[in-house]
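A.B. asks: File work-v5.cif follows (mmCIF, C-alpha atoms):
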```
data_structure
loop_
_atom_site.label_atom_id
_atom_site.label_comp_id
_atom_site.auth_asym_id
_atom_site.auth_seq_id
_atom_site.Cartn_x
_atom_site.Cartn_y
_atom_site.Cartn_z
CA MET X 27 -2.14 -40.87 5.53
CA THR X 28 -0.11 -37.99 4.04
CA ALA X 29 2.19 -38.97 1.15
CA MET X 30 5.93 -38.76 1.81
CA ARG X 31 7.86 -35.82 0.31
CA LEU X 32 11.42 -37.13 0.07
CA LEU X 33 14.53 -35.06 -0.64
CA LEU X 34 17.55 -37.13 -1.75
CA CYS X 35 20.85 -36.01 -0.17
CA SER X 36 22.94 -39.18 -0.34
CA GLY X 37 25.68 -37.75 -2.58
CA ASP X 38 25.39 -40.89 -4.76
CA LYS X 39 23.64 -40.23 -8.08
CA GLN X 40 23.23 -43.91 -8.90
CA LEU X 41 21.58 -44.61 -5.55
CA ASP X 42 19.37 -41.55 -5.93
CA ALA X 43 18.27 -42.77 -9.37
CA TYR X 44 17.42 -46.18 -7.88
CA VAL X 45 15.35 -44.66 -5.08
CA ARG X 46 13.56 -42.36 -7.52
CA GLY X 47 12.73 -45.37 -9.69
CA LYS X 48 11.31 -47.28 -6.74
CA MET X 49 9.45 -44.34 -5.18
CA PRO X 50 8.69 -41.91 -8.05
CA ASP X 51 5.67 -40.37 -6.31
CA ALA X 52 7.59 -39.69 -3.10
CA VAL X 53 10.78 -38.02 -4.39
CA VAL X 54 10.40 -34.24 -4.70
CA GLY X 55 14.02 -33.37 -5.50
CA GLU X 56 17.68 -33.96 -4.80
CA THR X 57 20.74 -31.94 -3.86
CA TYR X 58 24.42 -32.80 -4.08
CA TYR X 59 26.11 -30.46 -1.64
CA ARG X 60 25.53 -29.79 2.04
CA GLU X 61 25.20 -26.01 1.88
CA ALA X 62 21.99 -26.34 -0.18
CA VAL X 63 20.18 -28.94 1.95
CA ARG X 64 18.12 -26.61 4.14
CA GLU X 65 17.26 -24.29 1.27
CA SER X 66 16.26 -27.35 -0.77
CA TYR X 67 13.93 -28.95 1.75
CA LEU X 68 12.25 -25.62 2.44
CA ARG X 69 11.83 -24.94 -1.27
CA PHE X 70 10.46 -28.41 -2.06
CA ASN X 71 8.42 -28.58 1.16
CA ALA X 72 10.06 -31.94 1.92
CA ASP X 73 9.23 -33.87 5.08
CA THR X 74 11.91 -36.59 4.80
CA LEU X 75 15.65 -36.52 4.05
CA LEU X 76 17.80 -39.40 2.80
CA LEU X 77 21.22 -38.27 4.02
CA ALA X 78 24.77 -39.67 4.00
CA THR X 79 28.20 -38.40 4.97
CA GLY X 80 29.37 -38.71 1.35
CA LEU X 81 27.41 -35.54 0.52
CA VAL X 82 30.06 -32.98 -0.47
CA GLY X 83 30.47 -29.67 1.32
CA VAL X 84 31.94 -28.15 4.45
CA SER X 85 28.82 -27.73 6.59
CA ASN X 86 28.70 -29.76 9.81
CA LEU X 87 26.43 -32.76 9.32
CA ARG X 88 25.33 -32.98 12.93
CA GLU X 89 24.19 -29.37 12.87
CA MET X 90 22.45 -30.04 9.55
CA VAL X 91 20.55 -32.99 11.03
CA PHE X 92 19.68 -30.98 14.15
CA SER X 93 18.33 -28.14 12.01
CA ALA X 94 16.23 -30.56 9.95
CA ARG X 95 14.83 -32.19 13.09
CA MET X 96 13.99 -28.79 14.58
CA ASP X 97 12.12 -28.03 11.35
CA GLY X 98 10.10 -31.20 11.86
CA LEU X 99 11.70 -33.42 9.19
CA ARG X 100 12.30 -37.13 9.42
CA VAL X 101 15.92 -38.09 8.61
CA VAL X 102 17.03 -41.43 7.17
CA TYR X 103 20.82 -41.58 7.61
CA LEU X 104 23.30 -43.94 5.91
CA VAL X 105 26.20 -44.48 8.31
CA GLY X 106 29.62 -45.16 6.77
CA GLU X 107 32.03 -47.79 8.08
CA SER X 108 34.43 -45.18 9.48
CA GLU X 109 31.54 -43.58 11.41
CA ARG X 110 30.29 -46.73 13.12
CA ALA X 111 32.71 -46.46 16.05
CA THR X 112 32.24 -42.71 16.50
CA SER X 113 29.62 -40.84 18.50
CA LEU X 114 27.56 -40.13 15.37
CA PRO X 115 25.00 -42.97 15.80
CA TYR X 116 24.45 -41.95 19.43
CA ASP X 117 24.10 -38.28 18.44
CA LEU X 118 21.52 -39.28 15.84
CA LEU X 119 19.60 -41.23 18.44
CA ALA X 120 19.68 -38.24 20.82
CA MET X 121 18.24 -36.03 18.06
CA GLY X 122 15.35 -38.41 17.48
CA VAL X 123 16.77 -39.99 14.32
CA TYR X 124 15.82 -43.64 14.48
CA ASP X 125 16.16 -44.52 10.80
CA PHE X 126 19.89 -45.12 10.34
CA LEU X 127 21.50 -47.99 8.47
CA PHE X 128 25.09 -49.18 8.84
CA SER X 129 27.39 -49.87 5.88
CA PRO X 130 27.48 -52.23 4.00
CA ILE X 131 23.87 -51.56 3.03
CA ASN X 132 21.56 -53.27 0.58
CA ALA X 133 19.68 -50.70 -1.52
CA GLU X 134 16.46 -52.66 -1.00
CA ASP X 135 16.83 -52.17 2.76
CA ILE X 136 16.93 -48.40 2.18
CA ILE X 137 13.61 -48.58 0.32
CA MET X 138 12.10 -50.70 3.08
CA ARG X 139 13.30 -48.31 5.78
CA LEU X 140 11.93 -45.31 3.90
CA ARG X 141 8.54 -47.00 3.68
CA GLU X 142 8.58 -48.46 7.20
CA PRO X 143 10.03 -45.99 9.75
CA ALA X 144 11.92 -47.45 12.69
CA GLY X 145 11.12 -46.63 16.30
CA PHE X 146 13.31 -45.99 19.31
CA PRO X 147 13.53 -49.69 20.29
CA GLN X 148 14.82 -50.67 16.84
CA ALA X 149 17.33 -47.82 16.76
CA ALA X 150 18.66 -48.59 20.23
CA ALA X 151 18.87 -52.30 19.41
CA SER X 152 20.88 -51.56 16.27
CA LEU X 153 23.61 -50.05 18.48
CA LYS X 154 23.92 -53.47 20.17
CA VAL X 155 24.15 -52.01 23.64
CA GLN X 156 23.68 -54.61 26.37
CA ALA X 157 23.13 -53.88 30.03
CA PRO X 158 25.52 -55.57 32.45
CA GLN X 159 23.99 -58.03 34.87
CA GLY X 160 22.03 -56.04 37.39
CA GLY X 161 22.92 -52.77 35.63
CA SER X 162 20.94 -50.15 33.75
CA LEU X 163 20.55 -50.29 29.97
CA LEU X 164 20.24 -46.48 29.91
CA GLN X 165 23.50 -46.02 31.83
CA SER X 166 25.20 -48.50 29.51
CA LEU X 167 23.97 -46.56 26.49
CA PHE X 168 25.32 -43.28 27.89
CA ARG X 169 28.63 -44.92 28.77
CA ARG X 170 29.04 -46.26 25.23
CA ALA X 171 28.25 -42.81 23.82
CA GLU X 172 30.90 -41.18 26.01
CA GLU X 173 33.46 -43.81 25.00
CA ALA X 174 32.67 -43.17 21.34
CA ARG X 175 33.23 -39.43 21.81
CA GLU X 176 36.75 -40.14 23.00
CA GLN X 177 37.51 -41.79 19.65
CA PRO X 178 38.87 -39.77 16.68
CA PRO X 179 36.04 -38.21 14.69
CA GLY X 180 34.83 -39.92 11.53
CA GLU X 181 35.62 -38.57 8.10
CA GLU X 182 32.97 -35.95 7.53
CA SER X 183 33.92 -34.62 4.11
CA GLY X 184 34.14 -37.70 1.92
CA GLY X 185 35.54 -41.19 2.18
CA PRO X 186 33.16 -42.42 4.89
CA GLY X 187 33.50 -46.00 3.65
CA LEU X 188 29.87 -46.25 2.61
CA SER X 189 29.10 -49.36 0.53
CA VAL X 190 25.73 -49.90 -1.12
CA SER X 191 24.89 -53.07 -3.03
CA MET X 192 22.49 -52.58 -5.92
CA PRO X 193 19.99 -55.38 -6.54
CA HIS X 194 20.32 -55.39 -10.34
CA ASN X 195 23.80 -56.87 -10.26
CA GLY X 196 24.66 -57.40 -6.60
CA LYS X 197 27.87 -55.39 -6.98
CA VAL X 198 29.14 -53.64 -3.89
CA ARG X 199 30.25 -50.13 -4.83
CA LYS X 200 32.73 -48.01 -2.91
CA PRO X 201 32.70 -44.20 -3.01
CA SER X 202 35.78 -44.22 -5.22
CA GLU X 203 33.80 -46.09 -7.87
CA THR X 204 30.77 -43.84 -7.84
CA THR X 205 32.45 -40.46 -7.50
CA VAL X 206 32.69 -38.60 -10.81
CA PRO X 207 36.33 -37.60 -11.47
CA SER X 208 36.93 -33.86 -11.18
CA GLU X 209 37.89 -33.74 -14.86
CA HIS X 210 34.49 -35.15 -15.85
CA ILE X 211 31.97 -32.75 -14.30
CA VAL X 212 28.59 -33.91 -15.54
CA ARG X 213 24.87 -33.37 -15.10
CA GLY X 214 23.82 -36.64 -13.47
CA ARG X 215 25.85 -38.73 -15.94
CA GLU X 216 29.11 -40.58 -15.44
CA ARG X 217 31.88 -41.10 -17.94
CA ARG X 218 34.57 -43.73 -17.97
CA GLU X 219 38.07 -42.46 -17.44
CA GLU X 220 39.96 -42.53 -20.72
CA PRO X 221 43.70 -43.01 -21.10
CA ARG X 222 45.62 -39.76 -21.46
CA ARG X 223 46.23 -38.73 -25.02
CA LYS X 224 49.85 -38.74 -26.21
CA ASP X 225 49.39 -35.29 -27.73
CA ASP X 226 50.13 -32.93 -24.83
CA GLY X 227 50.62 -29.89 -27.03
CA LEU X 228 48.50 -27.66 -24.79
CA LYS X 229 50.28 -28.48 -21.55
CA ALA X 230 53.26 -26.24 -22.25
CA PHE X 231 51.21 -23.62 -24.08
CA LYS X 232 51.81 -20.03 -23.00
CA ALA X 233 49.31 -17.46 -24.18
CA PRO X 234 51.09 -14.69 -26.15
CA TYR X 235 48.09 -12.34 -25.88
CA PRO X 236 44.77 -12.32 -23.99
CA ILE X 237 42.80 -15.54 -24.56
CA LEU X 238 39.46 -15.71 -22.75
CA ALA X 239 37.76 -19.12 -22.54
CA VAL X 240 34.00 -19.09 -21.93
CA TRP X 241 32.77 -22.38 -20.50
CA SER X 242 29.72 -23.82 -18.79
CA PRO X 243 29.08 -27.37 -17.53
CA VAL X 244 25.35 -26.78 -18.20
CA SER X 245 23.19 -25.11 -20.83
CA ALA X 246 23.19 -21.63 -19.35
CA GLY X 247 23.92 -19.23 -22.22
CA LYS X 248 27.63 -19.84 -22.84
CA THR X 249 27.50 -18.84 -26.51
CA LEU X 250 25.46 -15.75 -25.65
CA VAL X 251 28.22 -14.61 -23.27
CA ALA X 252 31.07 -15.51 -25.65
CA THR X 253 29.50 -13.72 -28.62
CA ASN X 254 28.64 -10.52 -26.74
CA LEU X 255 32.02 -10.42 -24.97
CA ALA X 256 33.92 -10.82 -28.25
CA TRP X 257 31.80 -8.16 -29.96
CA VAL X 258 32.45 -5.59 -27.23
CA LEU X 259 36.18 -6.27 -27.40
CA SER X 260 36.16 -5.92 -31.19
CA LEU X 261 34.91 -2.34 -30.87
CA THR X 262 38.27 -1.32 -29.38
CA GLY X 263 40.71 -3.43 -31.37
CA PRO X 264 41.32 -6.61 -33.42
CA THR X 265 39.44 -9.51 -31.81
CA THR X 266 38.91 -13.15 -32.79
CA LEU X 267 36.08 -15.46 -31.74
CA ILE X 268 36.76 -19.20 -32.12
CA ASP X 269 33.86 -21.64 -31.81
CA LEU X 270 35.19 -24.92 -30.37
CA ASP X 271 31.74 -26.23 -29.51
CA GLU X 272 30.40 -29.18 -31.48
CA LYS X 273 27.03 -27.43 -31.90
CA GLN X 274 28.64 -24.44 -33.68
CA ALA X 275 26.01 -22.08 -32.27
CA VAL X 276 28.15 -18.99 -32.94
CA ARG X 277 27.66 -19.51 -36.67
CA GLU X 278 23.89 -19.57 -36.27
CA TRP X 279 23.81 -16.60 -33.88
CA LEU X 280 25.83 -14.34 -36.18
CA LEU X 281 24.23 -15.64 -39.41
CA ILE X 282 27.55 -16.84 -40.81
CA PRO X 283 27.14 -18.72 -44.14
CA GLU X 284 26.79 -22.46 -43.75
CA LYS X 285 29.79 -23.28 -45.93
CA GLU X 286 32.17 -21.28 -43.74
CA ASP X 287 34.82 -23.75 -42.58
CA SER X 288 37.83 -21.70 -41.45
CA LEU X 289 38.35 -23.53 -38.15
CA LEU X 290 38.30 -26.99 -39.71
CA ARG X 291 40.76 -25.93 -42.42
CA GLY X 292 43.00 -24.35 -39.79
CA LEU X 293 43.11 -27.62 -37.85
CA ARG X 294 43.77 -29.72 -40.93
CA GLU X 295 46.33 -27.56 -42.74
CA SER X 296 48.91 -27.38 -39.98
CA SER X 297 51.78 -26.47 -42.31
CA LYS X 298 50.00 -23.55 -43.95
CA PRO X 299 49.05 -20.07 -42.70
CA LEU X 300 45.68 -19.83 -41.06
CA PRO X 301 42.80 -19.44 -43.50
CA ASP X 302 40.94 -16.16 -43.55
CA PRO X 303 38.23 -16.03 -40.88
CA ALA X 304 34.64 -15.04 -41.42
CA ARG X 305 34.12 -11.32 -40.82
CA VAL X 306 31.14 -10.04 -38.88
CA GLY X 307 31.45 -6.32 -38.31
CA ASP X 308 34.92 -5.81 -36.84
CA LEU X 309 34.98 -9.34 -35.41
CA ASN X 310 37.00 -12.24 -36.89
CA VAL X 311 35.24 -15.58 -36.46
CA TYR X 312 36.64 -19.10 -36.88
CA CYS X 313 33.95 -21.76 -37.10
CA CYS X 314 32.98 -24.92 -38.98
CA ASP X 315 30.50 -26.01 -41.60
CA PRO X 316 27.86 -27.92 -39.54
CA ASN X 317 27.68 -30.54 -42.32
CA ALA X 318 31.38 -31.34 -41.89
CA GLY X 319 30.76 -33.15 -38.61
CA LYS X 320 32.33 -32.65 -35.21
CA PRO X 321 35.70 -30.86 -35.42
CA GLN X 322 38.49 -33.17 -34.27
CA ILE X 323 40.58 -31.05 -31.95
CA SER X 324 44.28 -31.86 -31.95
CA PRO X 325 45.93 -30.20 -28.90
CA SER X 326 49.15 -29.40 -30.76
CA LYS X 327 47.29 -27.97 -33.77
CA LEU X 328 45.02 -25.92 -31.54
CA ALA X 329 48.09 -24.59 -29.72
CA ARG X 330 49.53 -23.62 -33.13
CA ILE X 331 46.35 -21.74 -34.04
CA LEU X 332 46.27 -19.90 -30.71
CA SER X 333 49.97 -18.97 -31.08
CA SER X 334 49.61 -17.72 -34.64
CA PRO X 335 50.79 -14.13 -35.23
CA GLN X 336 47.74 -13.78 -37.51
CA LEU X 337 45.58 -13.55 -34.38
CA ALA X 338 47.82 -11.00 -32.63
CA PRO X 339 47.58 -8.65 -30.88
CA GLY X 340 44.35 -10.27 -29.72
CA PRO X 341 42.34 -10.76 -27.70
CA VAL X 342 40.82 -14.13 -28.58
CA VAL X 343 37.53 -15.39 -27.13
CA LEU X 344 36.93 -19.15 -27.12
CA ASP X 345 33.44 -20.64 -27.07
CA MET X 346 34.35 -23.91 -25.29
CA PRO X 347 32.45 -27.20 -25.66
CA ALA X 348 29.11 -27.27 -23.89
CA ASP X 349 29.90 -29.72 -21.10
CA ALA X 350 32.50 -32.12 -19.81
CA LEU X 351 31.24 -35.05 -21.84
CA GLU X 352 32.05 -33.13 -25.03
CA MET X 353 35.12 -31.17 -23.94
CA GLU X 354 37.48 -34.13 -23.51
CA ARG X 355 40.90 -33.83 -21.89
CA TRP X 356 42.29 -31.20 -24.28
CA GLY X 357 39.70 -28.72 -23.00
CA TYR X 358 40.80 -29.14 -19.40
CA ASP X 359 44.47 -28.90 -20.39
CA LEU X 360 43.67 -25.67 -22.22
CA LEU X 361 41.85 -24.16 -19.23
CA LYS X 362 44.80 -25.05 -16.99
CA ALA X 363 47.21 -23.41 -19.45
CA LEU X 364 45.09 -20.26 -19.68
CA LYS X 365 44.88 -20.09 -15.86
CA CYS X 366 41.53 -18.28 -15.99
CA CYS X 367 38.12 -18.82 -17.57
CA VAL X 368 34.63 -17.36 -17.64
CA ILE X 369 32.12 -19.84 -16.15
CA VAL X 370 28.47 -19.30 -17.05
CA GLY X 371 25.69 -20.45 -14.74
CA ASP X 372 22.03 -19.70 -14.21
CA PRO X 373 19.44 -19.93 -11.40
CA ASP X 374 18.15 -23.35 -12.52
CA TRP X 375 18.09 -25.42 -9.33
CA SER X 376 19.25 -28.58 -11.11
CA HIS X 377 22.29 -26.75 -12.57
CA ARG X 378 23.79 -25.41 -9.36
CA THR X 379 25.63 -28.59 -8.39
CA ALA X 380 27.43 -28.82 -11.74
CA VAL X 381 28.33 -25.11 -11.67
CA ARG X 382 29.65 -25.44 -8.10
CA GLN X 383 31.73 -28.47 -9.15
CA ALA X 384 33.15 -26.52 -12.10
CA ILE X 385 34.16 -23.65 -9.81
CA ASP X 386 35.71 -26.05 -7.29
CA TRP X 387 37.63 -27.83 -10.07
CA ALA X 388 38.95 -24.54 -11.45
CA THR X 389 40.06 -23.32 -8.04
CA LYS X 390 41.78 -26.62 -7.24
CA GLU X 391 43.66 -26.60 -10.57
CA GLY X 392 44.81 -22.99 -10.24
CA VAL X 393 42.38 -21.65 -12.84
CA TRP X 394 40.94 -18.25 -11.97
CA PRO X 395 37.15 -18.58 -12.42
CA ILE X 396 35.03 -15.56 -13.42
CA LEU X 397 31.39 -16.39 -12.69
CA ILE X 398 28.57 -15.02 -14.84
CA LEU X 399 24.96 -15.73 -13.89
CA ASN X 400 22.58 -15.61 -16.84
CA ARG X 401 18.75 -15.58 -16.93
CA TYR X 402 18.68 -14.33 -13.35
CA ALA X 403 15.20 -12.83 -13.80
CA GLU X 404 13.86 -16.39 -14.08
CA ALA X 405 15.04 -17.37 -10.59
CA GLU X 406 12.25 -18.90 -8.55
CA VAL X 407 14.01 -17.90 -5.36
CA PRO X 408 15.29 -14.36 -6.10
CA GLY X 409 16.89 -13.99 -2.69
CA TRP X 410 19.20 -17.00 -2.83
CA ASP X 411 22.75 -16.28 -1.76
CA GLN X 412 24.85 -16.95 -4.87
CA GLU X 413 28.20 -16.66 -3.14
CA THR X 414 27.28 -19.16 -0.41
CA ILE X 415 25.67 -21.70 -2.73
CA LEU X 416 28.22 -21.52 -5.57
CA GLY X 417 31.30 -20.64 -3.53
CA LEU X 418 32.15 -17.59 -5.66
CA LYS X 419 30.81 -14.06 -5.98
CA PRO X 420 29.42 -13.43 -9.49
CA ALA X 421 31.27 -10.91 -11.63
CA ALA X 422 28.05 -10.13 -13.47
CA ILE X 423 24.35 -11.01 -13.30
CA LEU X 424 22.55 -10.89 -16.63
CA ASP X 425 18.85 -10.50 -17.32
CA ALA X 426 18.50 -12.32 -20.64
CA ARG X 427 14.98 -11.38 -21.66
CA ASP X 428 13.57 -13.81 -24.23
CA CYS X 429 12.30 -11.05 -26.53
CA LEU X 430 15.79 -9.52 -26.75
CA VAL X 431 17.40 -12.93 -27.34
CA TYR X 432 15.02 -13.72 -30.21
CA LYS X 433 15.57 -10.29 -31.73
CA SER X 434 19.34 -10.79 -31.52
CA ILE X 435 19.22 -14.19 -33.23
CA ALA X 436 16.85 -12.97 -35.96
CA SER X 437 19.04 -9.97 -36.80
CA GLY X 438 22.39 -11.76 -36.50
CA LYS X 439 23.59 -9.06 -34.11
CA PRO X 440 24.71 -9.58 -30.51
CA MET X 441 22.53 -8.16 -27.76
CA VAL X 442 25.13 -5.50 -26.92
CA VAL X 443 24.31 -3.88 -30.29
CA LEU X 444 20.58 -3.80 -29.53
CA ASP X 445 20.51 -2.80 -25.86
CA HIS X 446 22.53 -0.05 -24.12
CA GLU X 447 22.36 -1.70 -20.70
CA TRP X 448 23.75 -4.93 -22.09
CA LYS X 449 26.57 -3.00 -23.75
CA LYS X 450 27.41 -1.37 -20.42
CA ARG X 451 27.45 -4.70 -18.55
CA PHE X 452 29.72 -6.35 -21.11
CA ASP X 453 32.07 -3.37 -21.15
CA GLU X 454 32.53 -3.95 -17.41
CA LEU X 455 32.85 -7.71 -17.89
CA ALA X 456 35.51 -7.21 -20.58
CA VAL X 457 37.60 -5.09 -18.22
CA TRP X 458 37.18 -7.69 -15.45
CA ALA X 459 38.17 -10.60 -17.74
CA LEU X 460 41.21 -8.83 -19.25
CA THR X 461 42.41 -7.81 -15.78
CA ALA X 462 42.13 -11.40 -14.53
CA PHE X 463 44.03 -12.68 -17.56
CA SER X 464 46.83 -10.12 -17.21
CA ARG X 465 47.30 -11.07 -13.56
CA ALA X 466 47.52 -14.75 -14.49
CA HIS X 467 49.84 -14.05 -17.48
CA PRO X 468 52.09 -11.06 -16.80
CA GLN X 469 54.33 -12.15 -19.74
CA ALA X 470 51.52 -11.87 -22.32
CA ALA X 471 51.23 -8.80 -24.54
CA PRO X 472 48.53 -6.46 -23.25
CA PHE X 473 45.42 -5.84 -25.28
CA GLY X 474 46.15 -3.36 -28.05
CA ALA X 475 49.92 -3.89 -28.06
CA ALA X 476 51.52 -3.92 -31.48
#
```
Could you take the file, read its structure, and then write that structure out as structure tokens?

C.D. replies:
Amino acid sequence: MTAMRLLLCSGDKQLDAYVRGKMPDAVVGETYYREAVRESYLRFNADTLLLATGLVGVSNLREMVFSARMDGLRVVYLVGESERATSLPYDLLAMGVYDFLFSPINAEDIIMRLREPAGFPQAAASLKVQAPQGGSLLQSLFRRAEEAREQPPGEESGGPGLSVSMPHNGKVRKPSETTVPSEHIVRGRERREEPRRKDDGLKAFKAPYPILAVWSPVSAGKTLVATNLAWVLSLTGPTTLIDLDEKQAVREWLLIPEKEDSLLRGLRESSKPLPDPARVGDLNVYCCDPNAGKPQISPSKLARILSSPQLAPGPVVLDMPADALEMERWGYDLLKALKCCVIVGDPDWSHRTAVRQAIDWATKEGVWPILILNRYAEAEVPGWDQETILGLKPAAILDARDCLVYKSIASGKPMVVLDHEWKKRFDELAVWALTAFSRAHPQAAPFGAA
């Protein structure tokens, strides 16, 4: 008997983790948005899908199931409470999907159904269709399906009322409990919602000159982009690079002395002028001594630093914290105030969901996202449609060759200094980013203004 090759598409990371733990040899991958399902099962050569309406995206689920069935895949479908009275179960049956479970569902039943496929008799019986005395069961089934089609359609883009009880604690979880808040975009990890800080100093912040935030919800080369972007801008005028990331990778990349602590002193000494930054070429850099611990970011003090006339006329490039678990609420408030940001992604299959969520969050909050794809040469599927999968056309695609990266780190010089093509790409990116910022902030002083 051929071993199952299962692709998880439930939209519930905790459930997916449970299934993977119970069937580690069967699970070949997972995806967390509808638009990537077909590409995923073809890439992983899957033969079985675990699918639920809670999977985010805009693609039609019925068409998705039909496509999977036409490609010869078995589909195990978790039916939400709001879908029970619709035509969905009957449509699944018509497409040859016999493995569907109705909410509320015990997670152990999902494992059993994955291991023991249902047949047509079981699927038909689960619909509880009874033939009238002397009537036809088939006609009764068709009649029920037609009646269901006359009902309002179920919620197909979230909120299907799917409840799954986990055996470790017996708790019944609703989608609202398992959905990661938009302000906590994570890589397979959840974070408890924290009470809003009283310090809302960044909420009313208005950028007096171009401030470009470089952010990534994954490890995709954020510091590489921030450092090279700031260096290119510094060749045409005063430019400041501020490292707000706990890892302080800018300091290591540019070989800044370990004792340099200008950012930390600027945050602490709120009543004094900003300390002198570290100087690397024509670039001003604010960073921290790595031995001083994680910089405690006060929103009001950060707003003071960013408003300081010592930074004018700009621009300022911010190397934001590495992911949502580190950025905290001040980071999201800052991105909202800046109204645009550079989002860095890469072709790593496991990163695409987090990058897509970051783009969706930015768009929803009125933040203009500028997408940069790094390490594109490492893509296993070079023909994948970035705009369809990520929901945004990339402003630039970078080929970060390892040999050039290592040479850059060893010399303490950004890659734009070592490679003409990289310089050309970042010149174009700088124009793109400054144009986006000026459109979002027409009141800000343009780059180079006195």

A.B. asks: Separation of CA of Ser242 (chain X) and CA of Val381 (chain X), in Å?

C.D. replies: 7.4 Å

A.B. asks: Quick one: which residues end up in the PyMOL selection byres ((chain X and resi 308-314) around 7) for this structure, as an MDAnalysis selection string?

C.D. replies: chainID X and resid 257 260:261 265:269 274 277 286:290 303:307 315:316

A.B. asks: Mind dumping a table of every region 224-291 of chain X residue within 7 Å of region 422-446 of chain X, with the nearest atom pair and its distance in Å to one decimal, using all atoms listed in the file, sorted by chain and rising number, as a Markdown table?

C.D. replies:
```
| residue | atom | partner | partner_atom | distance |
| --- | --- | --- | --- | --- |
| X:Thr253 | CA | X:Pro440 | CA | 6.6 |
| X:Asn254 | CA | X:Pro440 | CA | 5.5 |
| X:Trp279 | CA | X:Ile435 | CA | 5.2 |
| X:Leu280 | CA | X:Gly438 | CA | 4.3 |
| X:Leu281 | CA | X:Gly438 | CA | 5.2 |
```

A.B. asks: Between X:Lys449, X:Arg294, X:Lys248, X:Arg378, which has the minimum distance to Tyr59 (chain X) (counting all atoms listed in the file)?

C.D. replies: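 The closest residue to Tyr59 (chain X) is X:Arg378.
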
A.B. asks: Using the chain letters and numbering of this document, enumerate as a PyMOL selection string the residues selected by the PyMOL selection byres ((chain X and resi 385) around 12).

C.D. replies: chain X and resi 208-209+211+241-243+366-371+378-384+386-398+413+415-420

A.B. asks: Considering all atoms listed in the file, return as a ChimeraX atom specification whatever protein or nucleic-acid residues lie within 7 Å of Ala149 (chain X), sequence-local ones (same chain, fewer than 4 positions apart) excluded.

C.D. replies: /X:124-125,144-145,153

A.B. asks: What is the distance, in Å and to one decimal place, between CA of Leu364 (chain X) and CA of Asp453 (chain X)?

C.D. replies: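 These atoms are spaced 21.4 Å apart.
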
A.B. asks: One decimal, Å: what's the distance from CA of Ser113 (chain X) over to CA of Leu32 (chain X), could you say?

C.D. replies: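 Taking CA of Ser113 (chain X) and CA of Leu32 (chain X), their separation equals 26.2 Å.
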
A.B. asks: Determine the nearest neighbour of Leu399 (chain X) from the options X:Ala120, X:Ala252, X:Ala246, X:Ala62, counting only C-alpha atoms.

C.D. replies: X:Ala246

A.B. asks: Env of region 455-461 of chain X: 8 Å cut, atoms = only C-alpha atoms, seq-sep filter 2 positions within chain, self excluded. Answer as an mmCIF file with C-alpha atoms, in the coordinates of the input.

C.D. replies:
```
data_model
loop_
_atom_site.group_PDB
_atom_site.id
_atom_site.type_symbol
_atom_site.label_atom_id
_atom_site.label_comp_id
_atom_site.auth_asym_id
_atom_site.auth_seq_id
_atom_site.Cartn_x
_atom_site.Cartn_y
_atom_site.Cartn_z
ATOM 1 C CA PRO X 236 44.770 -12.320 -23.990
ATOM 2 C CA LEU X 238 39.460 -15.710 -22.750
ATOM 3 C CA LEU X 255 32.020 -10.420 -24.970
ATOM 4 C CA VAL X 258 32.450 -5.590 -27.230
ATOM 5 C CA LEU X 259 36.180 -6.270 -27.400
ATOM 6 C CA VAL X 368 34.630 -17.360 -17.640
ATOM 7 C CA ILE X 396 35.030 -15.560 -13.420
ATOM 8 C CA ALA X 421 31.270 -10.910 -11.630
ATOM 9 C CA ALA X 422 28.050 -10.130 -13.470
ATOM 10 C CA ARG X 451 27.450 -4.700 -18.550
ATOM 11 C CA PHE X 452 29.720 -6.350 -21.110
ATOM 12 C CA ASP X 453 32.070 -3.370 -21.150
ATOM 13 C CA PHE X 463 44.030 -12.680 -17.560
ATOM 14 C CA SER X 464 46.830 -10.120 -17.210
ATOM 15 C CA ARG X 465 47.300 -11.070 -13.560
ATOM 16 C CA PHE X 473 45.420 -5.840 -25.280
#
```

A.B. asks: Around (49.3, -15.8, -17.9) in the file's own coordinates, what residues are found within 10 Å if you use all atoms listed in the file, given back as a ChimeraX atom specification?

C.D. replies: /X:232-237,363-366,462-471
